[in-house]
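Listing of input-v8.tsv, TSV, C-alpha atoms
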```
chain	number	residue	atom	x	y	z
A	639	MET	CA	35.15	-22.35	-7.88
A	640	ASN	CA	37.40	-21.85	-4.86
A	641	ALA	CA	37.76	-18.72	-2.73
A	642	GLU	CA	40.87	-17.54	-4.55
A	643	THR	CA	39.17	-17.70	-7.94
A	644	LEU	CA	36.11	-15.94	-6.56
A	645	ALA	CA	38.25	-13.15	-5.08
A	646	HIS	CA	40.02	-12.73	-8.40
A	647	ALA	CA	36.71	-12.54	-10.24
A	648	VAL	CA	35.49	-9.86	-7.86
A	649	GLN	CA	38.65	-7.80	-8.32
A	650	THR	CA	38.58	-8.01	-12.12
A	651	SER	CA	34.84	-7.31	-12.46
A	652	GLY	CA	35.34	-3.57	-12.47
A	653	GLY	CA	33.43	-3.16	-9.20
A	654	ILE	CA	30.22	-4.64	-10.59
A	655	LEU	CA	30.15	-7.59	-8.20
A	656	TYR	CA	30.68	-5.20	-5.27
A	657	VAL	CA	27.63	-3.23	-6.36
A	658	MET	CA	25.63	-6.44	-6.72
A	659	ALA	CA	26.62	-7.49	-3.21
A	660	VAL	CA	25.31	-4.15	-1.91
A	661	LEU	CA	22.06	-4.66	-3.83
A	662	LEU	CA	21.65	-8.09	-2.24
A	663	LEU	CA	22.14	-6.66	1.25
A	664	VAL	CA	19.65	-3.84	0.58
A	665	ALA	CA	17.09	-6.31	-0.78
A	666	LEU	CA	17.42	-8.54	2.28
A	667	ALA	CA	17.20	-5.59	4.68
A	668	VAL	CA	14.10	-4.15	3.00
A	669	THR	CA	12.46	-7.58	2.88
A	670	VAL	CA	12.98	-8.32	6.57
A	671	GLU	CA	11.93	-4.82	7.69
A	672	ARG	CA	8.80	-4.73	5.51
A	673	PHE	CA	7.69	-8.23	6.50
A	674	TRP	CA	7.94	-7.25	10.17
A	675	VAL	CA	6.19	-3.87	9.81
A	676	ILE	CA	3.44	-5.02	7.45
A	677	GLY	CA	2.86	-8.08	9.61
A	678	ARG	CA	2.20	-5.81	12.60
A	679	MET	CA	-0.12	-3.62	10.49
A	680	LEU	CA	-2.05	-6.67	9.33
A	681	GLY	CA	-2.39	-8.04	12.86
A	682	SER	CA	-3.64	-4.68	14.12
A	683	ALA	CA	-6.18	-4.44	11.28
A	684	HIS	CA	-7.51	-7.93	12.05
A	685	GLY	CA	-7.87	-6.90	15.69
A	686	TRP	CA	-9.86	-3.78	14.76
A	687	VAL	CA	-12.17	-5.82	12.52
A	688	ARG	CA	-12.90	-8.19	15.41
A	689	GLU	CA	-13.45	-5.20	17.71
A	690	LEU	CA	-15.91	-3.47	15.38
A	691	LYS	CA	-17.85	-6.69	14.83
A	692	GLY	CA	-18.88	-6.51	18.48
A	693	HIS	CA	-20.35	-3.01	18.08
A	694	SER	CA	-23.79	-2.17	16.74
A	695	HIS	CA	-22.89	1.52	16.76
A	696	VAL	CA	-19.78	3.65	17.24
A	697	ASP	CA	-19.01	3.47	20.98
A	698	ALA	CA	-16.69	6.46	21.37
A	699	ALA	CA	-15.48	5.58	24.89
A	700	ARG	CA	-14.39	2.02	24.09
A	701	LEU	CA	-12.90	2.88	20.73
A	702	GLN	CA	-10.99	5.85	22.10
A	703	ALA	CA	-9.29	3.62	24.69
A	704	ARG	CA	-8.33	1.17	21.95
A	705	VAL	CA	-7.01	3.97	19.70
A	706	SER	CA	-4.84	5.30	22.53
A	707	ALA	CA	-3.29	1.87	22.99
A	708	ASP	CA	-2.66	1.38	19.25
A	709	ALA	CA	-2.15	4.95	18.06
A	710	THR	CA	0.51	4.31	15.39
A	711	SER	CA	-1.21	1.65	13.30
A	712	PRO	CA	-3.00	2.65	10.07
A	713	ALA	CA	-6.24	1.05	11.26
A	714	ALA	CA	-6.23	3.12	14.45
A	715	GLN	CA	-5.65	6.29	12.42
A	716	VAL	CA	-8.76	5.52	10.35
A	717	VAL	CA	-10.85	4.85	13.47
A	718	ALA	CA	-9.59	8.11	15.04
A	719	VAL	CA	-11.15	10.02	12.15
A	720	ALA	CA	-14.52	8.47	12.99
A	721	LEU	CA	-14.20	9.46	16.65
A	722	HIS	CA	-13.62	13.12	15.73
A	723	HIS	CA	-16.55	13.29	13.33
A	724	ASP	CA	-19.16	15.99	13.90
A	725	LEU	CA	-22.70	14.61	13.72
A	726	ALA	CA	-23.84	17.95	12.35
A	727	ASP	CA	-22.14	16.98	9.08
A	728	PRO	CA	-24.04	14.69	6.69
A	729	LEU	CA	-23.31	10.98	6.57
A	730	GLU	CA	-21.88	11.29	3.05
A	731	HIS	CA	-19.22	13.67	4.37
A	732	PHE	CA	-18.28	11.09	7.01
A	733	ALA	CA	-17.71	8.42	4.33
A	734	ASP	CA	-15.55	10.85	2.34
A	735	ARG	CA	-13.40	11.61	5.37
A	736	LEU	CA	-12.87	7.90	6.01
A	737	GLU	CA	-11.85	7.41	2.37
A	738	GLU	CA	-9.37	10.27	2.74
A	739	ALA	CA	-7.93	8.64	5.88
A	740	VAL	CA	-7.48	5.30	4.09
A	741	MET	CA	-5.70	6.96	1.17
A	742	GLU	CA	-3.47	8.84	3.60
A	743	GLN	CA	-2.25	5.54	5.08
A	744	ALA	CA	-1.47	3.93	1.70
A	745	PRO	CA	2.08	5.41	1.39
A	746	ARG	CA	2.92	4.08	4.85
A	747	VAL	CA	1.85	0.57	3.94
A	748	ASP	CA	3.85	0.17	0.71
A	749	ARG	CA	6.84	2.28	1.76
A	750	GLY	CA	10.17	0.90	0.53
A	751	LEU	CA	8.74	-1.54	-2.02
A	752	TRP	CA	10.07	0.62	-4.84
A	753	LEU	CA	13.57	-0.40	-3.74
A	754	LEU	CA	12.80	-4.07	-4.30
A	755	ASP	CA	11.19	-3.27	-7.63
A	756	THR	CA	14.30	-1.35	-8.70
A	757	ILE	CA	16.66	-4.11	-7.56
A	758	VAL	CA	14.69	-6.78	-9.43
A	759	THR	CA	15.12	-4.77	-12.63
A	760	LEU	CA	18.66	-3.56	-12.02
A	761	ALA	CA	20.36	-6.80	-10.91
A	762	PRO	CA	20.05	-8.69	-14.24
A	763	LEU	CA	21.27	-5.61	-16.11
A	764	LEU	CA	24.34	-5.42	-13.88
A	765	GLY	CA	24.83	-9.15	-14.42
A	766	LEU	CA	24.78	-8.55	-18.16
A	767	LEU	CA	27.29	-5.74	-17.78
A	768	GLY	CA	29.51	-8.05	-15.72
A	769	THR	CA	29.23	-10.66	-18.46
A	770	ILE	CA	30.45	-8.13	-21.01
A	771	VAL	CA	33.40	-7.22	-18.77
A	772	GLY	CA	34.26	-10.91	-18.32
A	773	MET	CA	34.14	-11.59	-22.05
A	774	PHE	CA	36.30	-8.53	-22.66
A	775	ASN	CA	38.89	-9.97	-20.26
A	776	THR	CA	38.67	-13.29	-22.14
A	777	PHE	CA	39.31	-11.67	-25.53
A	778	SER	CA	42.16	-9.65	-24.03
A	779	ALA	CA	43.79	-12.91	-22.89
A	780	LEU	CA	43.27	-14.48	-26.32
A	781	SER	CA	45.02	-11.55	-28.00
A	782	HIS	CA	48.31	-12.73	-26.46
A	783	PRO	CA	49.65	-15.85	-28.18
A	784	ALA	CA	51.39	-17.03	-25.04
A	785	ALA	CA	48.33	-16.65	-22.84
A	786	ALA	CA	47.67	-19.51	-20.49
A	787	THR	CA	44.50	-21.53	-20.70
A	788	GLN	CA	43.65	-20.51	-17.13
A	789	ALA	CA	43.52	-16.84	-18.13
A	790	VAL	CA	41.06	-17.58	-20.91
A	791	THR	CA	38.78	-19.78	-18.86
A	792	GLY	CA	39.01	-17.34	-15.96
A	793	GLY	CA	37.42	-14.61	-18.06
A	794	VAL	CA	34.61	-16.94	-19.08
A	795	GLY	CA	34.09	-17.88	-15.43
A	796	GLU	CA	33.88	-14.19	-14.45
A	797	ALA	CA	31.23	-13.62	-17.12
A	798	LEU	CA	29.14	-16.57	-15.95
A	799	LEU	CA	29.54	-15.56	-12.30
A	800	ALA	CA	28.22	-12.07	-12.99
A	801	THR	CA	25.23	-13.47	-14.89
A	802	ALA	CA	24.43	-15.96	-12.13
A	803	ALA	CA	24.76	-13.32	-9.41
A	804	GLY	CA	22.40	-10.94	-11.22
A	805	LEU	CA	19.77	-13.64	-11.76
A	806	PHE	CA	20.08	-14.85	-8.16
A	807	ILE	CA	19.47	-11.37	-6.75
A	808	ALA	CA	16.57	-10.79	-9.16
A	809	VAL	CA	14.89	-14.07	-8.19
A	810	ILE	CA	15.14	-13.34	-4.47
A	811	GLY	CA	13.93	-9.78	-4.95
A	812	LEU	CA	11.01	-10.82	-7.15
A	813	VAL	CA	9.76	-13.45	-4.71
A	814	ALA	CA	10.01	-10.99	-1.80
A	815	PHE	CA	8.37	-8.20	-3.81
A	816	ASN	CA	5.37	-10.33	-4.80
A	817	ALA	CA	4.94	-11.67	-1.26
A	818	LEU	CA	5.05	-8.15	0.20
A	819	ASN	CA	2.67	-6.85	-2.47
A	820	GLN	CA	0.17	-9.51	-1.45
A	821	ARG	CA	0.41	-8.49	2.20
A	822	VAL	CA	0.03	-4.82	1.26
A	823	ARG	CA	-3.18	-5.67	-0.61
A	824	LEU	CA	-4.44	-7.51	2.47
A	825	VAL	CA	-3.75	-4.50	4.70
A	826	MET	CA	-5.50	-2.12	2.29
A	827	HIS	CA	-8.45	-4.54	2.06
A	828	GLN	CA	-8.75	-4.57	5.85
A	829	LEU	CA	-8.63	-0.75	5.95
A	830	GLU	CA	-11.42	-0.60	3.37
A	831	ARG	CA	-13.39	-3.09	5.46
A	832	ILE	CA	-12.89	-1.00	8.61
A	833	LYS	CA	-14.03	2.09	6.71
A	834	LEU	CA	-17.25	0.35	5.63
A	835	MET	CA	-17.89	-1.03	9.13
A	836	LEU	CA	-17.48	2.43	10.66
A	837	ALA	CA	-19.87	3.97	8.14
A	838	ASN	CA	-22.49	1.30	8.85
A	839	ARG	CA	-22.13	1.74	12.61
A	840	MET	CA	-22.33	5.52	12.40
A	841	TYR	CA	-25.74	5.37	10.67
A	842	PRO	CA	-27.71	4.64	13.91
A	843	HIS	CA	-26.43	7.92	15.36
A	844	TYR	CA	-28.05	9.80	12.49
A	845	ARG	CA	-31.25	7.74	12.68
A	846	ALA	CA	-31.53	8.48	16.39
A	847	GLU	CA	-31.71	12.22	15.77
A	848	PRO	CA	-35.18	13.76	16.21
A	849	PRO	CA	-36.91	14.44	12.89
A	850	ARG	CA	-36.80	17.99	11.73
A	851	ALA	CA	-40.09	19.91	11.71
A	852	VAL	CA	-41.53	20.33	8.27
A	853	ALA	CA	-43.60	23.46	7.69
A	854	VAL	CA	-46.97	22.64	6.16
A	855	MET	CA	-48.65	25.43	4.30
A	856	PRO	CA	-52.47	25.63	4.82
A	857	ALA	CA	-54.61	24.89	1.81
A	858	VAL	CA	-55.89	28.01	0.06
A	859	ARG	CA	-59.64	27.91	-0.51
A	860	PRO	CA	-61.22	29.99	-3.26
A	861	ALA	CA	-63.15	32.99	-1.97
A	862	ALA	CA	-66.96	32.71	-2.10
A	863	PRO	CA	-68.56	35.16	-4.55
A	864	ALA	CA	-70.77	37.91	-3.22
A	865	PRO	CA	-74.58	37.23	-3.15
A	866	GLY	CA	-75.27	39.97	-5.69
A	867	VAL	CA	-72.83	38.51	-8.17
A	868	VAL	CA	-74.44	35.06	-7.83
A	869	LEU	CA	-77.90	36.57	-8.37
A	870	GLN	CA	-76.79	38.40	-11.50
A	871	GLN	CA	-75.29	35.17	-12.89
A	872	LYS	CA	-78.60	33.30	-12.35
A	873	MET	CA	-80.63	36.05	-14.03
A	874	ALA	CA	-78.27	36.01	-16.99
```
Would you give me this structure, written as structure tokens?
Amino acid sequence: MNAETLAHAVQTSGGILYVMAVLLLVALAVTVERFWVIGRMLGSAHGWVRELKGHSHVDAARLQARVSADATSPAAQVVAVALHHDLADPLEHFADRLEEAVMEQAPRVDRGLWLLDTIVTLAPLLGLLGTIVGMFNTFSALSHPAAATQAVTGGVGEALLATAAGLFIAVIGLVAFNALNQRVRLVMHQLERIKLMLANRMYPHYRAEPPRAVAVMPAVRPAAPAPGVVLQQKMA
């Protein structure tokens, strides 16, 4: 298929091939942007895991300096919650706040993936619609007795081109979507790991607190009976 035939197929597709070209560009743009952003998130999370491995407890000074240098990453946002925790609250409340911080970062991690999911579903349907348009052009050419063979085969070629374009976009989008989904799961796994490491390293701060005084009530001894009462009991 030469350039002239391709241009003719695009013009007679009813605009469907133009829409599919836009979908391809959007899929490529989302794929490149998400791979770059999620790659940075994953690298930052790995760095925080290595950092926390070197701590036996939450060192606020060192962690605060690291958070200031990496303030925008999801992992740093989770660690910042630990640094602002009040030790007067119970340890269970601390774990709940970390879980809330992890869930708050989830929309940032998988942002834009719905576009790829939509394109993977939409592209084959548009290809099918383009196939119908191409076959309609073929039958229109066959309705004229003097129609040239090129007009008939051109409609069939337009139908096949639309089908191939839809499947091509869907395959690219599906591969990118699955690869990005895997990286999103890795980022969320690292955030869960950081949450658990922070909870374990916060426990020594609670154990170091002085034990609370427990009031011990004195034992109540029964009162001794009066001598006269004892004497009366013996005489009875």
Proximity of segment 704-822 of chain A to segment 654-676 of chain A: per-residue shortest pair, 12 Å limit, all atoms listed in the file, as CSV:
```
residue,atom,partner,partner_atom,distance
A:Thr710,CA,A:Val675,CA,11.4
A:Ser711,CA,A:Val675,CA,9.9
A:Pro712,CA,A:Ile676,CA,10.4
A:Ala744,CA,A:Ile676,CA,11.7
A:Arg746,CA,A:Ile676,CA,9.5
A:Val747,CA,A:Ile676,CA,6.8
A:Asp748,CA,A:Arg672,CA,8.5
A:Arg749,CA,A:Arg672,CA,8.2
A:Gly750,CA,A:Val668,CA,6.9
A:Leu751,CA,A:Val668,CA,7.8
A:Trp752,CA,A:Val668,CA,10.0
A:Leu753,CA,A:Ala665,CA,7.5
A:Leu754,CA,A:Ala665,CA,6.0
A:Asp755,CA,A:Ala665,CA,9.5
A:Thr756,CA,A:Leu661,CA,9.7
A:Ile757,CA,A:Leu661,CA,6.6
A:Val758,CA,A:Ala665,CA,9.0
A:Thr759,CA,A:Leu661,CA,11.2
A:Leu760,CA,A:Leu661,CA,8.9
A:Ala761,CA,A:Met658,CA,6.7
A:Pro762,CA,A:Met658,CA,9.6
A:Leu763,CA,A:Met658,CA,10.4
A:Leu764,CA,A:Ile654,CA,6.8
A:Gly765,CA,A:Ile654,CA,8.0
A:Leu766,CA,A:Ile654,CA,10.1
A:Leu767,CA,A:Ile654,CA,7.8
A:Gly768,CA,A:Ile654,CA,6.2
A:Thr769,CA,A:Ile654,CA,10.0
A:Ile770,CA,A:Ile654,CA,11.0
A:Val771,CA,A:Ile654,CA,9.1
A:Gly772,CA,A:Ile654,CA,10.7
A:Glu796,CA,A:Leu655,CA,9.8
A:Ala797,CA,A:Leu655,CA,10.8
A:Leu798,CA,A:Leu655,CA,11.9
A:Leu799,CA,A:Leu655,CA,9.0
A:Ala800,CA,A:Leu655,CA,6.8
A:Thr801,CA,A:Leu655,CA,10.2
A:Ala802,CA,A:Leu655,CA,10.9
A:Ala803,CA,A:Met658,CA,7.4
A:Gly804,CA,A:Met658,CA,7.1
A:Leu805,CA,A:Met658,CA,10.6
A:Phe806,CA,A:Leu662,CA,9.1
A:Ile807,CA,A:Leu662,CA,6.0
A:Ala808,CA,A:Leu662,CA,9.0
A:Val809,CA,A:Leu662,CA,10.8
A:Ile810,CA,A:Ala665,CA,8.2
A:Gly811,CA,A:Ala665,CA,6.3
A:Leu812,CA,A:Ala665,CA,9.9
A:Val813,CA,A:Thr669,CA,10.0
A:Ala814,CA,A:Thr669,CA,6.3
A:Phe815,CA,A:Thr669,CA,7.9
A:Asn816,CA,A:Thr669,CA,10.8
A:Ala817,CA,A:Phe673,CA,8.9
A:Leu818,CA,A:Phe673,CA,6.8
A:Asn819,CA,A:Ile676,CA,10.1
A:Gln820,CA,A:Ile676,CA,10.5
A:Arg821,CA,A:Ile676,CA,7.0
A:Val822,CA,A:Ile676,CA,7.1
```
Take the residues that were just selected and, keeping C-alpha atoms, output them as an mmCIF file, in the coordinates of the input.
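Below is the file selection_0.cif, written as the result:
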```cif
data_model
loop_
_atom_site.group_PDB
_atom_site.id
_atom_site.type_symbol
_atom_site.label_atom_id
_atom_site.label_comp_id
_atom_site.auth_asym_id
_atom_site.auth_seq_id
_atom_site.Cartn_x
_atom_site.Cartn_y
_atom_site.Cartn_z
ATOM 1 C CA THR A 710 0.510 4.310 15.390
ATOM 2 C CA SER A 711 -1.210 1.650 13.300
ATOM 3 C CA PRO A 712 -3.000 2.650 10.070
ATOM 4 C CA ALA A 744 -1.470 3.930 1.700
ATOM 5 C CA ARG A 746 2.920 4.080 4.850
ATOM 6 C CA VAL A 747 1.850 0.570 3.940
ATOM 7 C CA ASP A 748 3.850 0.170 0.710
ATOM 8 C CA ARG A 749 6.840 2.280 1.760
ATOM 9 C CA GLY A 750 10.170 0.900 0.530
ATOM 10 C CA LEU A 751 8.740 -1.540 -2.020
ATOM 11 C CA TRP A 752 10.070 0.620 -4.840
ATOM 12 C CA LEU A 753 13.570 -0.400 -3.740
ATOM 13 C CA LEU A 754 12.800 -4.070 -4.300
ATOM 14 C CA ASP A 755 11.190 -3.270 -7.630
ATOM 15 C CA THR A 756 14.300 -1.350 -8.700
ATOM 16 C CA ILE A 757 16.660 -4.110 -7.560
ATOM 17 C CA VAL A 758 14.690 -6.780 -9.430
ATOM 18 C CA THR A 759 15.120 -4.770 -12.630
ATOM 19 C CA LEU A 760 18.660 -3.560 -12.020
ATOM 20 C CA ALA A 761 20.360 -6.800 -10.910
ATOM 21 C CA PRO A 762 20.050 -8.690 -14.240
ATOM 22 C CA LEU A 763 21.270 -5.610 -16.110
ATOM 23 C CA LEU A 764 24.340 -5.420 -13.880
ATOM 24 C CA GLY A 765 24.830 -9.150 -14.420
ATOM 25 C CA LEU A 766 24.780 -8.550 -18.160
ATOM 26 C CA LEU A 767 27.290 -5.740 -17.780
ATOM 27 C CA GLY A 768 29.510 -8.050 -15.720
ATOM 28 C CA THR A 769 29.230 -10.660 -18.460
ATOM 29 C CA ILE A 770 30.450 -8.130 -21.010
ATOM 30 C CA VAL A 771 33.400 -7.220 -18.770
ATOM 31 C CA GLY A 772 34.260 -10.910 -18.320
ATOM 32 C CA GLU A 796 33.880 -14.190 -14.450
ATOM 33 C CA ALA A 797 31.230 -13.620 -17.120
ATOM 34 C CA LEU A 798 29.140 -16.570 -15.950
ATOM 35 C CA LEU A 799 29.540 -15.560 -12.300
ATOM 36 C CA ALA A 800 28.220 -12.070 -12.990
ATOM 37 C CA THR A 801 25.230 -13.470 -14.890
ATOM 38 C CA ALA A 802 24.430 -15.960 -12.130
ATOM 39 C CA ALA A 803 24.760 -13.320 -9.410
ATOM 40 C CA GLY A 804 22.400 -10.940 -11.220
ATOM 41 C CA LEU A 805 19.770 -13.640 -11.760
ATOM 42 C CA PHE A 806 20.080 -14.850 -8.160
ATOM 43 C CA ILE A 807 19.470 -11.370 -6.750
ATOM 44 C CA ALA A 808 16.570 -10.790 -9.160
ATOM 45 C CA VAL A 809 14.890 -14.070 -8.190
ATOM 46 C CA ILE A 810 15.140 -13.340 -4.470
ATOM 47 C CA GLY A 811 13.930 -9.780 -4.950
ATOM 48 C CA LEU A 812 11.010 -10.820 -7.150
ATOM 49 C CA VAL A 813 9.760 -13.450 -4.710
ATOM 50 C CA ALA A 814 10.010 -10.990 -1.800
ATOM 51 C CA PHE A 815 8.370 -8.200 -3.810
ATOM 52 C CA ASN A 816 5.370 -10.330 -4.800
ATOM 53 C CA ALA A 817 4.940 -11.670 -1.260
ATOM 54 C CA LEU A 818 5.050 -8.150 0.200
ATOM 55 C CA ASN A 819 2.670 -6.850 -2.470
ATOM 56 C CA GLN A 820 0.170 -9.510 -1.450
ATOM 57 C CA ARG A 821 0.410 -8.490 2.200
ATOM 58 C CA VAL A 822 0.030 -4.820 1.260
#
```
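Taking atom CA of Arg700 of chain A and atom CA of Val717 of chain A as the two end points, the separation is 11.5 Å.
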Extract, using only C-alpha atoms, all DNA, RNA and protein residues at most 12 Å from Gln715 of chain A, discarding same-chain residues fewer than 2 positions from it, and format them as a VMD selection string. chain A and resid 679 682 to 683 686 701 to 702 704 to 713 717 to 722 735 to 744 746 829 832 to 833
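Of note, atom CA of Leu729 of chain A and atom CA of Leu836 of chain A are spaced 11.1 Å apart.
Take atom CA of Asp697 of chain A and atom CA of His827 of chain A: the distance between them is 23.1 Å.
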Please define a box with edges along x, y and z of the file around all atoms of segment 794-805 of chain A given in the file, extend it by 3 Å on each side, and return its centre and edge lengths in Å to one decimal, as AutoDock Vina command-line options.
```
--center_x 27.2 --center_y -14.4 --center_z -14.2 --size_x 20.8 --size_y 12.9 --size_z 15.7
```
Please complete segment 672-687 of chain A so it has N, CA and C atoms, and hand it over as a CSV table (one decimal), keeping the file's coordinate frame.
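Printed below is part_12.csv as written:
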```csv
chain,number,residue,atom,x,y,z
A,672,ARG,N,10.2,-4.9,6.0
A,672,ARG,CA,8.8,-4.7,5.5
A,672,ARG,C,7.9,-5.9,6.0
A,673,PHE,N,8.5,-7.1,6.0
A,673,PHE,CA,7.7,-8.2,6.5
A,673,PHE,C,7.3,-8.0,8.0
A,674,TRP,N,8.2,-7.5,8.7
A,674,TRP,CA,7.9,-7.2,10.2
A,674,TRP,C,6.9,-6.1,10.4
A,675,VAL,N,7.1,-5.0,9.6
A,675,VAL,CA,6.2,-3.9,9.8
A,675,VAL,C,4.8,-4.2,9.3
A,676,ILE,N,4.7,-4.7,8.1
A,676,ILE,CA,3.4,-5.0,7.4
A,676,ILE,C,2.7,-6.1,8.2
A,677,GLY,N,3.5,-7.1,8.8
A,677,GLY,CA,2.9,-8.1,9.6
A,677,GLY,C,2.2,-7.5,10.8
A,678,ARG,N,2.8,-6.5,11.5
A,678,ARG,CA,2.2,-5.8,12.6
A,678,ARG,C,1.0,-5.0,12.2
A,679,MET,N,1.0,-4.4,11.0
A,679,MET,CA,-0.1,-3.6,10.5
A,679,MET,C,-1.3,-4.6,10.2
A,680,LEU,N,-1.0,-5.7,9.6
A,680,LEU,CA,-2.0,-6.7,9.3
A,680,LEU,C,-2.7,-7.2,10.6
A,681,GLY,N,-1.8,-7.6,11.6
A,681,GLY,CA,-2.4,-8.0,12.9
A,681,GLY,C,-3.3,-7.0,13.6
A,682,SER,N,-2.8,-5.7,13.5
A,682,SER,CA,-3.6,-4.7,14.1
A,682,SER,C,-5.0,-4.5,13.4
A,683,ALA,N,-4.9,-4.6,12.0
A,683,ALA,CA,-6.2,-4.4,11.3
A,683,ALA,C,-7.2,-5.6,11.6
A,684,HIS,N,-6.6,-6.8,11.7
A,684,HIS,CA,-7.5,-7.9,12.0
A,684,HIS,C,-8.1,-7.7,13.4
A,685,GLY,N,-7.3,-7.2,14.4
A,685,GLY,CA,-7.9,-6.9,15.7
A,685,GLY,C,-9.0,-5.8,15.7
A,686,TRP,N,-8.8,-4.8,14.9
A,686,TRP,CA,-9.9,-3.8,14.8
A,686,TRP,C,-11.1,-4.3,14.1
A,687,VAL,N,-11.0,-5.2,13.1
A,687,VAL,CA,-12.2,-5.8,12.5
A,687,VAL,C,-12.9,-6.6,13.6
```
